[in-house]
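Step one of this worksheet: look at the structure below.
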Protein chains: 2
Amino acid sequence: MTDQIKYQLDEQDIPRTWYNLAADLSTVEPLLHPGTGEPLPREALLGIMPAELAEQELSTEREIEIPEAVRQIYAQWRPSPLFRARRLERALDTPARIYYKYEGISPAGSHKPNTAIPQAFYNKQAGITKLATETGAGQWGSSLALAGALFDIEVQVYMVKVSYHQKPYRRLLMETYGARCVPSPSTETAAGRAILADDPDCPGSLGIATSEALEVAMNNPDINYAGGSVLNHVLLHQTVIGQEAIKQFAMADDYPDVVVGCTGGGSNFGGLTFPFLGQRIREGRGVRVIAAEPAACPTLTKGTFAYDFGDTAGLTPLLKMHTLGHSFVPPSFHAGGLRYHGMAPLVSAALREDLIEATAVEQSNCFAAGIQFARAEGIIPAPESTHAITVAINEALRCKEEGRSETILFGLSGHGHFDLSAYEQHLTGALRDEQYDESQLQAALAGLPGLVSA
Amino acid sequence: MTDQIKYQLDEQDIPRTWYNLAADLSTVEPLLHPGTGEPLPREALLGIMPAELAEQELSTEREIEIPEAVRQIYAQWRPSPLFRARRLERALDTPARIYYKYEGISPAGSHKPNTAIPQAFYNKQAGITKLATETGAGQWGSSLALAGALFDIEVQVYMVKVSYHQKPYRRLLMETYGARCVPSPSTETAAGRAILADDPDCPGSLGIATSEALEVAMNNPDINYAGGSVLNHVLLHQTVIGQEAIKQFAMADDYPDVVVGCTGGGSNFGGLTFPFLGQRIREGRGVRVIAAEPAACPTLTKGTFAYDFGDTAGLTPLLKMHTLGHSFVPPSFHAGGLRYHGMAPLVSAALREDLIEATAVEQSNCFAAGIQFARAEGIIPAPESTHAITVAINEALRCKEEGRSETILFGLSGHGHFDLSAYEQHLTGALRDEQYDESQLQAALAGLPGLVSA
């Protein structure tokens, strides 16, 4: 067929190993115990996750084998398609070739099942019957609910209260899969009760919901915690995305000059870009890698590179990362998956080592780009994904201005079927760009836990 | 990989022709002009559709070429996957092999783009800049909105008023693609105004919305009508589904003993099953084909085989079909795509010629089956699709009882992401089976337009 638009791999092309960027970075800063300030031993993680995941969290091995049972479930929707956005290229009248790797075809509609499935698998193997987690917009919660249904594990999701009420469809998706969904802050945990005592109307945050899920896992030997982003093993699992994309570019006889991913906690970005970064580091390939983050939660462009907690209550180990401070509460813009104060340590390290660039974009531009994309390519993107689309379009327009036919790849992390009310706000002119509170940011940065290294 | 679950064809396996069952049926009854009772000439259709579609509507050629431009757009999501439901088989403990052909990976989430794309293509070729249509639950309207965006055609959708208000997400999907969505009955048409004069609070119906869209197309030379089901050319376009499935069964070295599809207007059912019926007729393959319809709108099991109108106001030609009468208004159960008084003439003829069986199922059983399927296979099915799932599960349980390892194929016509409130009603016990009004049915049957043949 002329004008090929889809590059589809076979089932046997599903990667057999996950790629660990830690093997190729100059420096990997350890997790620290917040009390002692000492590097965290593997054993300290075993209260909340099975041994295999704890090992993966701390590993610096380059390749880690994907269990066959996980590959079999991946096969339901993987390898995911790589699309050439020919209609978008024509709409932009750009000489650039634009490609996107689409993760919205997973049963949960985003990239999140790539890690939910192996996490459920390893927990099931370890005899765990119950998992606790947090979710914001619900993409992660619904993916873990899916994995729980497939592995017969009970799933309990602490969902940021404002999202619980504003996004009933994502909650219903979790419940249809059989998960229990609890609005957070809740009275079920000490962390939740403390916050409610202070502010009974607290709308919740991802950091608070994480504290609740962690507390439940720490206090119950039969319950483990499952994280949807930030952690090393989560980004590791997502690298199936970029590995497949590399094979698909070989099919297309092309290779990206620019790779763009959106960044919240960093799991979609890391999954897409790390395999390309590995080729850049080891083989000297000249690929630019750009993180697209929300201007209202600008972790990479305005945050500090420091040790900080991953949650609000300070229950996690200390992570060396770009952070706005664990007490920072982002304004309530629509890309709920990007509303997080920190950034995955591996992504943060890549920025620190100048392997990637970061840029912040406003949500009004993102929704406009999302609609332009939807009308050209037919897929309604998740609000998170529109951040990557915006930066990819900007790069394509730069190519047009410079008369360069570069190859641009971006990650389309999920579809926006559950986010159409945000599109309505954009279409009716009711959508506003949200601004974070500068004094709150400064206070949050001042409240970093004593180990700041600039 | 052991235990293969997905059969994925290549882009070049997208069919090059559509399959026309009319070529293989014993009898094809013509469309009739309602005034004269004479067979409708092709020219009579040209006021509302381009010549190519009018030809396809009346054609008895077995194979009709798919334009390359249409195949190129199909390639974004086609060939659609055929899945082996191994986890569902295990949950049912059945010796049957269960397969499903999944159309929910299209950008609009259902099989409807298979015909929306060629209809938009032929209209664009004919210089048409605007299409009018009706939609109930919104699957068809959003698919035509998608096609309009891709071909730069304005789309105006008359959406059943009760759905317009109850299903805001499907309306928003259409608007995000750039379509204009009008609650029906509206004041924009004589048909709508007449109904509103009689009943200002009329919640609308698919028949009324069809009358509105047809009236707009008939009165405006630059506007054509596009139908989402029932019509011969619509079912023709959908036969890519079954043709691909046949190739996928060859990959699996298997062949169905039973094929099940849900039936509303008949487009998903026809698309999936007609290519199998063609093999049964021409090659004597012993496949059973079952239509799964809603008990609250039992067109095939309780309707009359007669000439009737496709819409409420009587603007369409007369179609020979199984019908509950064009004035019949089905109760408001959740599978909005199955709430139609008639059945595609080709499906009706297949039942008349004993090529297919029909069975009616209650929605409470369907949602229970849908949840069992979702928790086993990970995909939340559209309420329409749960009718096929229910019958497939019943067949698999029959196989268990009889100790037979038959091969069962069903059509999973779409995902249920926009129907989760219906799942919530089921999960909370608030869902009731709806009953049609027997006296209203008898009145509707008595009101058939004078050409009834029993």
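Chain labels A, B, ... are given in the sequence in which chains occur in the structure tokens; within each chain residues are numbered consecutively from 1, and ligands are likewise numbered from 1 in the order shown.
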
Least-squares superpose chain B onto chain A - every C-alpha atom, paired in order - and show me the moved coordinates as a compact mmCIF listing (two decimals) with C-alpha atoms, in the first residue's frame.
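Result written to part-v1.txt:
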```
# COMPACT_ATOMS: atom_id res chain seq x y z
CA MET B 1 -0.05 0.01 0.01
CA THR B 2 1.30 3.44 -0.85
CA ASP B 3 1.48 6.01 1.91
CA GLN B 4 1.78 3.46 4.67
CA ILE B 5 0.40 4.83 7.93
CA LYS B 6 0.72 1.90 10.34
CA TYR B 7 3.76 -0.14 11.31
CA GLN B 8 2.51 -3.30 12.96
CA LEU B 9 4.84 -5.86 14.48
CA ASP B 10 4.06 -9.51 15.13
CA GLU B 11 3.43 -11.13 18.48
CA GLN B 12 6.96 -12.58 18.50
CA ASP B 13 8.29 -9.02 18.29
CA ILE B 14 7.04 -8.24 21.79
CA PRO B 15 10.30 -7.59 23.65
CA ARG B 16 11.69 -10.49 25.70
CA THR B 17 13.50 -8.19 28.13
CA TRP B 18 12.84 -4.81 29.70
CA TYR B 19 15.55 -2.19 29.22
CA ASN B 20 17.06 -0.60 32.32
CA LEU B 21 18.47 2.88 31.69
CA ALA B 22 20.28 2.72 35.05
CA ALA B 23 22.86 0.48 33.36
CA ASP B 24 23.81 3.26 30.94
CA LEU B 25 23.68 6.37 33.14
CA SER B 26 26.88 7.85 34.58
CA THR B 27 25.40 8.16 38.05
CA VAL B 28 22.50 6.43 39.77
CA GLU B 29 21.73 7.90 43.15
CA PRO B 30 20.37 5.36 45.64
CA LEU B 31 17.08 5.44 47.51
CA LEU B 32 17.76 6.67 51.03
CA HIS B 33 16.17 5.71 54.31
CA PRO B 34 14.59 8.98 55.58
CA GLY B 35 15.56 8.29 59.19
CA THR B 36 19.20 7.25 58.73
CA GLY B 37 19.99 8.90 55.40
CA GLU B 38 21.64 5.60 54.43
CA PRO B 39 21.05 3.79 51.11
CA LEU B 40 17.98 1.62 51.41
CA PRO B 41 18.61 -2.14 51.44
CA ARG B 42 16.44 -4.37 49.29
CA GLU B 43 14.91 -5.88 52.44
CA ALA B 44 13.37 -2.55 53.41
CA LEU B 45 11.13 -2.74 50.35
CA LEU B 46 9.83 -6.24 51.02
CA GLY B 47 7.06 -5.05 53.33
CA ILE B 48 5.27 -3.48 50.40
CA MET B 49 6.40 -5.35 47.28
CA PRO B 50 7.55 -8.85 46.29
CA ALA B 51 11.25 -9.67 46.05
CA GLU B 52 11.39 -9.59 42.23
CA LEU B 53 10.04 -6.04 42.08
CA ALA B 54 12.35 -4.91 44.91
CA GLU B 55 15.29 -6.34 42.95
CA GLN B 56 14.19 -4.60 39.78
CA GLU B 57 13.81 -1.34 41.71
CA LEU B 58 17.48 -1.43 42.73
CA SER B 59 18.93 -3.21 39.71
CA THR B 60 21.58 -1.78 37.38
CA GLU B 61 21.43 -4.75 34.99
CA ARG B 62 20.80 -3.55 31.44
CA GLU B 63 18.25 -6.21 30.52
CA ILE B 64 15.71 -7.94 32.71
CA GLU B 65 13.73 -10.86 31.38
CA ILE B 66 9.98 -10.46 30.87
CA PRO B 67 8.13 -13.52 32.22
CA GLU B 68 6.37 -15.51 29.52
CA ALA B 69 3.03 -15.21 31.36
CA VAL B 70 3.34 -11.42 31.18
CA ARG B 71 4.22 -11.51 27.47
CA GLN B 72 1.13 -13.63 26.89
CA ILE B 73 -1.12 -10.97 28.40
CA TYR B 74 0.80 -8.18 26.66
CA ALA B 75 -0.01 -10.01 23.42
CA GLN B 76 -3.66 -9.01 23.73
CA TRP B 77 -2.78 -5.48 22.62
CA ARG B 78 0.98 -5.46 22.04
CA PRO B 79 3.00 -4.75 19.99
CA SER B 80 1.14 -1.45 19.93
CA PRO B 81 0.96 0.31 16.56
CA LEU B 82 3.38 2.98 15.39
CA PHE B 83 1.49 5.41 13.15
CA ARG B 84 2.78 7.86 10.59
CA ALA B 85 0.63 11.00 11.02
CA ARG B 86 0.39 11.78 7.31
CA ARG B 87 -2.90 13.67 7.59
CA LEU B 88 -1.53 15.82 10.41
CA GLU B 89 1.63 16.47 8.37
CA ARG B 90 -0.55 17.69 5.49
CA ALA B 91 -2.65 19.86 7.82
CA LEU B 92 0.54 21.47 9.14
CA ASP B 93 2.09 21.66 5.67
CA THR B 94 5.39 20.57 7.19
CA PRO B 95 8.31 18.76 5.55
CA ALA B 96 8.75 16.85 8.84
CA ARG B 97 7.74 13.20 9.10
CA ILE B 98 5.61 12.78 12.23
CA TYR B 99 5.09 9.40 13.90
CA TYR B 100 3.24 8.45 17.07
CA LYS B 101 3.33 5.33 19.18
CA TYR B 102 -0.22 4.67 20.37
CA GLU B 103 -0.84 3.03 23.75
CA GLY B 104 -4.58 3.76 23.88
CA ILE B 105 -5.47 0.37 22.40
CA SER B 106 -4.83 -1.38 25.70
CA PRO B 107 -8.04 -2.54 27.42
CA ALA B 108 -7.71 0.26 29.98
CA GLY B 109 -7.00 2.85 27.27
CA SER B 110 -3.47 3.91 28.26
CA HIS B 111 0.10 2.66 28.69
CA LYS B 112 -0.46 1.87 32.37
CA PRO B 113 -1.28 -1.86 31.96
CA ASN B 114 2.33 -2.38 30.73
CA THR B 115 3.38 -2.26 34.39
CA ALA B 116 0.11 -3.20 36.10
CA ILE B 117 0.28 -6.67 34.52
CA PRO B 118 3.81 -7.60 35.67
CA GLN B 119 3.22 -6.08 39.11
CA ALA B 120 0.09 -8.20 39.54
CA PHE B 121 1.95 -11.24 38.18
CA TYR B 122 4.87 -11.01 40.63
CA ASN B 123 2.54 -10.31 43.54
CA LYS B 124 0.36 -13.29 42.63
CA GLN B 125 3.47 -15.49 42.46
CA ALA B 126 4.42 -14.28 45.94
CA GLY B 127 1.00 -15.31 47.29
CA ILE B 128 -0.32 -11.78 47.69
CA THR B 129 -4.13 -11.58 47.42
CA LYS B 130 -4.65 -7.85 47.81
CA LEU B 131 -3.04 -4.70 46.39
CA ALA B 132 -3.48 -1.10 47.45
CA THR B 133 -2.74 1.89 45.28
CA GLU B 134 -3.55 5.53 44.64
CA THR B 135 -4.94 7.12 41.51
CA GLY B 136 -5.55 10.66 40.33
CA ALA B 137 -7.43 10.83 37.05
CA GLY B 138 -7.93 7.08 37.24
CA GLN B 139 -5.75 5.76 34.41
CA TRP B 140 -3.47 3.91 36.77
CA GLY B 141 -6.25 2.75 39.09
CA SER B 142 -8.26 1.29 36.24
CA SER B 143 -5.17 -0.45 34.86
CA LEU B 144 -4.39 -2.09 38.19
CA ALA B 145 -8.08 -3.00 38.52
CA LEU B 146 -7.81 -4.73 35.13
CA ALA B 147 -4.66 -6.59 36.21
CA GLY B 148 -6.33 -7.58 39.47
CA ALA B 149 -9.27 -9.05 37.56
CA LEU B 150 -6.94 -11.08 35.33
CA PHE B 151 -4.85 -12.44 38.25
CA ASP B 152 -7.67 -12.75 40.79
CA ILE B 153 -6.17 -10.21 43.17
CA GLU B 154 -8.35 -7.80 45.17
CA VAL B 155 -7.54 -4.20 44.34
CA GLN B 156 -8.24 -1.23 46.60
CA VAL B 157 -7.77 2.17 45.01
CA TYR B 158 -7.49 5.46 46.91
CA MET B 159 -8.74 7.96 44.38
CA VAL B 160 -8.16 11.70 44.77
CA LYS B 161 -11.55 12.87 46.10
CA VAL B 162 -12.09 15.66 43.60
CA SER B 163 -11.48 13.23 40.71
CA TYR B 164 -13.65 10.57 42.39
CA HIS B 165 -16.58 12.95 42.12
CA GLN B 166 -15.65 14.70 38.86
CA LYS B 167 -14.68 11.58 36.90
CA PRO B 168 -17.36 9.02 37.74
CA TYR B 169 -16.67 7.04 34.55
CA ARG B 170 -13.10 6.20 35.52
CA ARG B 171 -14.32 5.12 38.97
CA LEU B 172 -17.01 3.00 37.31
CA LEU B 173 -14.38 1.42 35.07
CA MET B 174 -12.46 0.29 38.17
CA GLU B 175 -15.62 -1.01 39.81
CA THR B 176 -16.66 -2.88 36.68
CA TYR B 177 -13.30 -4.65 36.80
CA GLY B 178 -14.15 -5.52 40.41
CA ALA B 179 -11.88 -3.09 42.29
CA ARG B 180 -12.90 -1.16 45.40
CA CYS B 181 -12.54 2.58 44.98
CA VAL B 182 -12.24 4.88 48.03
CA PRO B 183 -12.32 8.69 47.85
CA SER B 184 -9.12 10.07 49.41
CA PRO B 185 -8.56 11.48 52.01
CA SER B 186 -10.59 8.76 53.72
CA THR B 187 -11.22 7.77 57.32
CA GLU B 188 -9.66 4.35 56.62
CA THR B 189 -6.10 5.44 57.37
CA ALA B 190 -4.29 7.53 59.98
CA ALA B 191 -2.90 9.70 57.18
CA GLY B 192 -6.38 10.33 55.84
CA ARG B 193 -7.92 10.94 59.25
CA ALA B 194 -5.20 13.45 60.18
CA ILE B 195 -5.85 15.46 57.04
CA LEU B 196 -9.64 15.33 57.45
CA ALA B 197 -9.32 16.48 61.08
CA ASP B 198 -7.44 19.50 59.79
CA ASP B 199 -9.64 20.10 56.73
CA PRO B 200 -12.87 18.09 56.47
CA ASP B 201 -13.43 19.38 52.94
CA CYS B 202 -9.94 18.57 51.64
CA PRO B 203 -10.26 17.70 47.92
CA GLY B 204 -7.29 15.33 48.15
CA SER B 205 -4.11 15.05 46.12
CA LEU B 206 -2.01 12.31 44.58
CA GLY B 207 0.51 12.67 47.41
CA ILE B 208 -2.18 12.15 50.06
CA ALA B 209 -3.70 9.18 48.24
CA THR B 210 -0.23 7.62 47.96
CA SER B 211 0.25 8.01 51.71
CA GLU B 212 -3.05 6.22 52.33
CA ALA B 213 -2.24 3.31 50.02
CA LEU B 214 1.27 2.96 51.46
CA GLU B 215 -0.01 3.01 55.02
CA VAL B 216 -2.47 0.23 54.25
CA ALA B 217 0.25 -1.86 52.64
CA MET B 218 2.75 -1.24 55.48
CA ASN B 219 0.23 -2.20 58.17
CA ASN B 220 -1.10 -5.36 56.52
CA PRO B 221 1.25 -8.24 55.75
CA ASP B 222 -1.14 -9.70 53.17
CA ILE B 223 -1.52 -6.39 51.29
CA ASN B 224 1.17 -4.99 49.00
CA TYR B 225 1.50 -1.60 47.38
CA ALA B 226 1.58 -1.12 43.60
CA GLY B 227 2.86 2.12 42.10
CA GLY B 228 1.83 3.50 38.73
CA SER B 229 4.79 5.77 37.98
CA VAL B 230 8.00 7.34 39.35
CA LEU B 231 9.61 4.11 40.65
CA ASN B 232 12.45 2.51 38.70
CA HIS B 233 10.70 -0.82 38.19
CA VAL B 234 7.61 0.94 36.83
CA LEU B 235 9.62 2.81 34.18
CA LEU B 236 11.50 -0.40 33.47
CA HIS B 237 8.25 -2.21 32.57
CA GLN B 238 7.21 0.62 30.28
CA THR B 239 10.30 0.26 28.09
CA VAL B 240 8.43 -2.22 25.91
CA ILE B 241 7.04 0.93 24.24
CA GLY B 242 10.35 2.35 23.05
CA GLN B 243 11.86 -1.03 22.20
CA GLU B 244 8.95 -1.77 19.89
CA ALA B 245 9.19 1.71 18.38
CA ILE B 246 12.85 1.09 17.48
CA LYS B 247 11.86 -2.09 15.59
CA GLN B 248 9.02 -0.23 13.89
CA PHE B 249 11.35 2.53 12.71
CA ALA B 250 13.53 -0.17 11.18
CA MET B 251 10.43 -1.37 9.28
CA ALA B 252 9.84 2.21 8.14
CA ASP B 253 13.53 2.57 7.20
CA ASP B 254 13.59 5.76 9.28
CA TYR B 255 14.84 6.90 12.68
CA PRO B 256 13.68 9.81 14.84
CA ASP B 257 15.64 13.04 15.06
CA VAL B 258 13.32 14.10 17.88
CA VAL B 259 11.38 12.01 20.43
CA VAL B 260 8.74 13.71 22.58
CA GLY B 261 6.88 12.33 25.58
CA CYS B 262 4.64 13.92 28.19
CA THR B 263 5.89 13.83 31.78
CA GLY B 264 3.91 13.58 35.00
CA GLY B 265 5.64 10.99 37.12
CA GLY B 266 7.67 9.95 34.08
CA SER B 267 6.48 6.44 33.25
CA ASN B 268 5.19 7.03 29.73
CA PHE B 269 8.09 9.31 28.92
CA GLY B 270 10.65 6.85 30.26
CA GLY B 271 9.00 3.90 28.57
CA LEU B 272 9.06 5.58 25.18
CA THR B 273 12.39 7.38 25.31
CA PHE B 274 14.80 5.27 27.41
CA PRO B 275 15.50 2.69 24.70
CA PHE B 276 16.35 5.58 22.34
CA LEU B 277 18.50 7.17 25.05
CA GLY B 278 20.29 3.85 25.45
CA GLN B 279 21.12 3.88 21.72
CA ARG B 280 22.24 7.49 22.01
CA ILE B 281 24.54 6.71 24.94
CA ARG B 282 25.94 3.42 23.66
CA GLU B 283 25.90 3.99 19.88
CA GLY B 284 26.10 7.77 19.68
CA ARG B 285 22.79 8.15 17.77
CA GLY B 286 21.99 11.84 17.51
CA VAL B 287 18.42 11.80 18.78
CA ARG B 288 16.98 14.76 20.71
CA VAL B 289 14.64 13.74 23.51
CA ILE B 290 12.12 16.25 24.85
CA ALA B 291 9.99 16.03 27.99
CA ALA B 292 6.70 17.95 27.64
CA GLU B 293 5.36 18.96 31.03
CA PRO B 294 2.41 21.11 32.16
CA ALA B 295 3.23 24.76 32.87
CA ALA B 296 1.03 24.53 35.96
CA CYS B 297 3.19 21.75 37.46
CA PRO B 298 6.66 22.40 36.00
CA THR B 299 8.73 19.80 37.82
CA LEU B 300 11.60 19.57 35.34
CA THR B 301 11.73 23.23 34.30
CA LYS B 302 11.16 24.88 37.71
CA GLY B 303 11.85 22.17 40.29
CA THR B 304 14.97 21.48 42.33
CA PHE B 305 17.10 18.36 41.90
CA ALA B 306 17.05 17.03 45.44
CA TYR B 307 16.16 14.16 47.73
CA ASP B 308 12.44 14.28 48.55
CA PHE B 309 9.53 12.09 49.53
CA GLY B 310 7.27 10.58 46.89
CA ASP B 311 4.14 11.17 49.00
CA THR B 312 2.68 13.89 51.20
CA ALA B 313 2.94 12.16 54.60
CA GLY B 314 6.58 11.19 54.10
CA LEU B 315 6.13 7.41 54.13
CA THR B 316 8.29 6.66 51.07
CA PRO B 317 12.07 6.35 50.98
CA LEU B 318 13.84 9.50 49.83
CA LEU B 319 14.17 9.73 46.07
CA LYS B 320 16.75 11.87 44.28
CA MET B 321 14.65 13.72 41.74
CA HIS B 322 13.45 16.96 40.28
CA THR B 323 10.77 18.08 42.69
CA LEU B 324 8.54 21.00 43.53
CA GLY B 325 8.49 19.80 47.14
CA HIS B 326 6.29 16.99 48.50
CA SER B 327 3.90 19.51 50.07
CA PHE B 328 3.34 21.29 46.74
CA VAL B 329 -0.27 20.95 45.56
CA PRO B 330 -0.63 21.61 41.81
CA PRO B 331 -3.68 23.53 40.60
CA SER B 332 -6.47 21.34 39.24
CA PHE B 333 -5.80 21.36 35.49
CA HIS B 334 -7.28 18.57 33.40
CA ALA B 335 -4.28 16.35 32.77
CA GLY B 336 -4.66 14.66 36.14
CA GLY B 337 -1.92 12.17 35.29
CA LEU B 338 0.61 15.04 35.18
CA ARG B 339 -0.33 16.56 38.56
CA TYR B 340 2.59 15.28 40.62
CA HIS B 341 5.16 17.21 42.61
CA GLY B 342 8.14 15.05 41.67
CA MET B 343 9.68 13.25 38.71
CA ALA B 344 10.98 9.71 38.31
CA PRO B 345 14.62 9.54 39.52
CA LEU B 346 15.68 7.97 36.21
CA VAL B 347 14.12 10.80 34.19
CA SER B 348 15.57 13.35 36.59
CA ALA B 349 19.02 11.80 36.23
CA ALA B 350 18.71 11.87 32.43
CA LEU B 351 17.96 15.59 32.56
CA ARG B 352 20.84 16.12 35.00
CA GLU B 353 23.16 14.34 32.54
CA ASP B 354 21.90 16.53 29.65
CA LEU B 355 20.51 13.53 27.83
CA ILE B 356 17.08 15.14 27.54
CA GLU B 357 15.48 18.58 27.26
CA ALA B 358 12.36 19.74 29.06
CA THR B 359 9.71 22.24 28.07
CA ALA B 360 6.50 23.36 29.77
CA VAL B 361 3.22 23.98 27.91
CA GLU B 362 -0.12 25.58 28.82
CA GLN B 363 -3.28 23.43 28.78
CA SER B 364 -5.20 25.74 26.43
CA ASN B 365 -2.53 25.19 23.76
CA CYS B 366 -2.63 21.49 24.53
CA PHE B 367 -6.39 21.12 24.00
CA ALA B 368 -6.18 23.10 20.76
CA ALA B 369 -3.42 20.77 19.58
CA GLY B 370 -5.44 17.78 20.77
CA ILE B 371 -8.43 18.81 18.68
CA GLN B 372 -6.27 19.49 15.63
CA PHE B 373 -4.77 16.04 16.06
CA ALA B 374 -8.17 14.37 16.58
CA ARG B 375 -9.66 15.90 13.46
CA ALA B 376 -6.64 14.93 11.37
CA GLU B 377 -5.84 11.50 12.77
CA GLY B 378 -9.22 10.42 14.14
CA ILE B 379 -8.05 9.59 17.67
CA ILE B 380 -9.14 11.74 20.64
CA PRO B 381 -6.02 12.01 22.78
CA ALA B 382 -5.90 11.92 26.57
CA PRO B 383 -5.24 15.39 28.05
CA GLU B 384 -1.84 14.12 29.21
CA SER B 385 -0.92 13.07 25.67
CA THR B 386 -1.86 16.47 24.24
CA HIS B 387 1.25 17.88 25.94
CA ALA B 388 3.43 15.68 23.75
CA ILE B 389 1.32 16.53 20.69
CA THR B 390 1.77 20.25 21.32
CA VAL B 391 5.55 19.98 21.45
CA ALA B 392 5.63 17.66 18.43
CA ILE B 393 3.56 20.16 16.43
CA ASN B 394 5.87 22.97 17.51
CA GLU B 395 8.85 20.93 16.31
CA ALA B 396 7.11 20.20 13.01
CA LEU B 397 6.43 23.92 12.53
CA ARG B 398 10.08 24.66 13.32
CA CYS B 399 11.02 22.15 10.59
CA LYS B 400 8.71 23.99 8.21
CA GLU B 401 10.31 27.31 9.05
CA GLU B 402 13.79 25.88 8.66
CA GLY B 403 12.88 23.82 5.61
CA ARG B 404 14.12 20.64 7.28
CA SER B 405 12.49 17.24 6.86
CA GLU B 406 13.27 15.84 10.29
CA THR B 407 11.64 12.76 11.75
CA ILE B 408 9.58 13.40 14.87
CA LEU B 409 8.20 10.70 17.15
CA PHE B 410 5.82 11.38 20.01
CA GLY B 411 4.11 9.15 22.53
CA LEU B 412 0.32 9.02 22.42
CA SER B 413 -0.05 7.57 25.89
CA GLY B 414 -3.81 7.07 25.84
CA HIS B 415 -7.20 8.04 24.48
CA GLY B 416 -9.39 10.77 25.92
CA HIS B 417 -12.75 8.99 26.03
CA PHE B 418 -13.08 9.69 29.74
CA ASP B 419 -11.97 13.31 29.44
CA LEU B 420 -14.49 14.70 26.98
CA SER B 421 -15.91 17.18 29.46
CA ALA B 422 -12.51 18.89 29.38
CA TYR B 423 -12.74 19.07 25.58
CA GLU B 424 -16.20 20.56 25.96
CA GLN B 425 -14.79 23.29 28.19
CA HIS B 426 -12.21 24.05 25.53
CA LEU B 427 -14.78 24.05 22.72
CA THR B 428 -17.13 26.36 24.62
CA GLY B 429 -14.33 28.73 25.63
CA ALA B 430 -14.68 27.93 29.34
CA LEU B 431 -11.21 26.45 29.71
CA ARG B 432 -8.62 28.60 31.50
CA ASP B 433 -4.91 28.11 31.95
CA GLU B 434 -4.19 27.33 35.58
CA GLN B 435 -1.34 29.03 37.47
CA TYR B 436 0.43 27.50 40.41
CA ASP B 437 0.83 29.54 43.58
CA GLU B 438 4.41 30.85 43.58
CA SER B 439 4.53 31.38 47.35
CA GLN B 440 3.20 27.86 47.93
CA LEU B 441 5.92 26.53 45.60
CA GLN B 442 8.61 28.43 47.48
CA ALA B 443 7.29 27.13 50.80
CA ALA B 444 7.23 23.58 49.44
CA LEU B 445 10.79 23.90 48.17
CA ALA B 446 11.87 25.28 51.53
CA GLY B 447 10.28 22.26 53.19
CA LEU B 448 12.44 19.70 51.42
CA PRO B 449 13.79 17.07 53.81
CA GLY B 450 17.23 18.32 54.75
CA LEU B 451 19.31 16.49 52.14
CA VAL B 452 18.96 19.00 49.32
CA SER B 453 21.82 18.91 46.83
CA ALA B 454 21.60 21.68 44.27
```

When DSSP is applied to the backbone of this structure, which of range 110-194 of chain A are assigned alpha helix (DSSP H)? Write them out as a short mmCIF file (atom, residue, chain, number, x, y, z; two decimals) with C-alpha atoms, in the first residue's frame.
```cif
data_model
loop_
_atom_site.label_atom_id
_atom_site.label_comp_id
_atom_site.auth_asym_id
_atom_site.auth_seq_id
_atom_site.Cartn_x
_atom_site.Cartn_y
_atom_site.Cartn_z
CA PRO A 113 -1.29 -1.87 31.96
CA ASN A 114 2.32 -2.39 30.75
CA THR A 115 3.37 -2.26 34.39
CA ALA A 116 0.10 -3.22 36.09
CA ILE A 117 0.26 -6.68 34.51
CA PRO A 118 3.79 -7.61 35.67
CA GLN A 119 3.21 -6.10 39.11
CA ALA A 120 0.08 -8.22 39.54
CA PHE A 121 1.93 -11.24 38.17
CA TYR A 122 4.87 -11.00 40.62
CA ASN A 123 2.54 -10.32 43.54
CA LYS A 124 0.36 -13.27 42.62
CA GLN A 125 3.47 -15.49 42.46
CA GLN A 139 -5.78 5.75 34.40
CA TRP A 140 -3.49 3.91 36.77
CA GLY A 141 -6.25 2.74 39.10
CA SER A 142 -8.26 1.28 36.24
CA SER A 143 -5.19 -0.47 34.85
CA LEU A 144 -4.40 -2.10 38.19
CA ALA A 145 -8.09 -3.02 38.51
CA LEU A 146 -7.81 -4.74 35.14
CA ALA A 147 -4.67 -6.60 36.20
CA GLY A 148 -6.32 -7.59 39.47
CA ALA A 149 -9.28 -9.06 37.55
CA LEU A 150 -6.95 -11.08 35.33
CA PHE A 151 -4.87 -12.44 38.24
CA LYS A 161 -11.54 12.86 46.09
CA VAL A 162 -12.09 15.66 43.59
CA SER A 163 -11.49 13.22 40.71
CA TYR A 164 -13.65 10.55 42.38
CA HIS A 165 -16.58 12.94 42.12
CA GLN A 166 -15.67 14.68 38.86
CA PRO A 168 -17.37 9.00 37.73
CA TYR A 169 -16.68 7.03 34.55
CA ARG A 170 -13.11 6.19 35.52
CA ARG A 171 -14.33 5.10 38.95
CA LEU A 172 -17.01 2.98 37.29
CA LEU A 173 -14.38 1.41 35.05
CA MET A 174 -12.47 0.28 38.16
CA GLU A 175 -15.63 -1.03 39.80
CA THR A 176 -16.67 -2.88 36.66
CA ALA A 190 -4.26 7.54 59.97
CA ALA A 191 -2.88 9.72 57.16
CA GLY A 192 -6.38 10.34 55.82
CA ARG A 193 -7.88 10.96 59.24
CA ALA A 194 -5.17 13.47 60.15
#
```
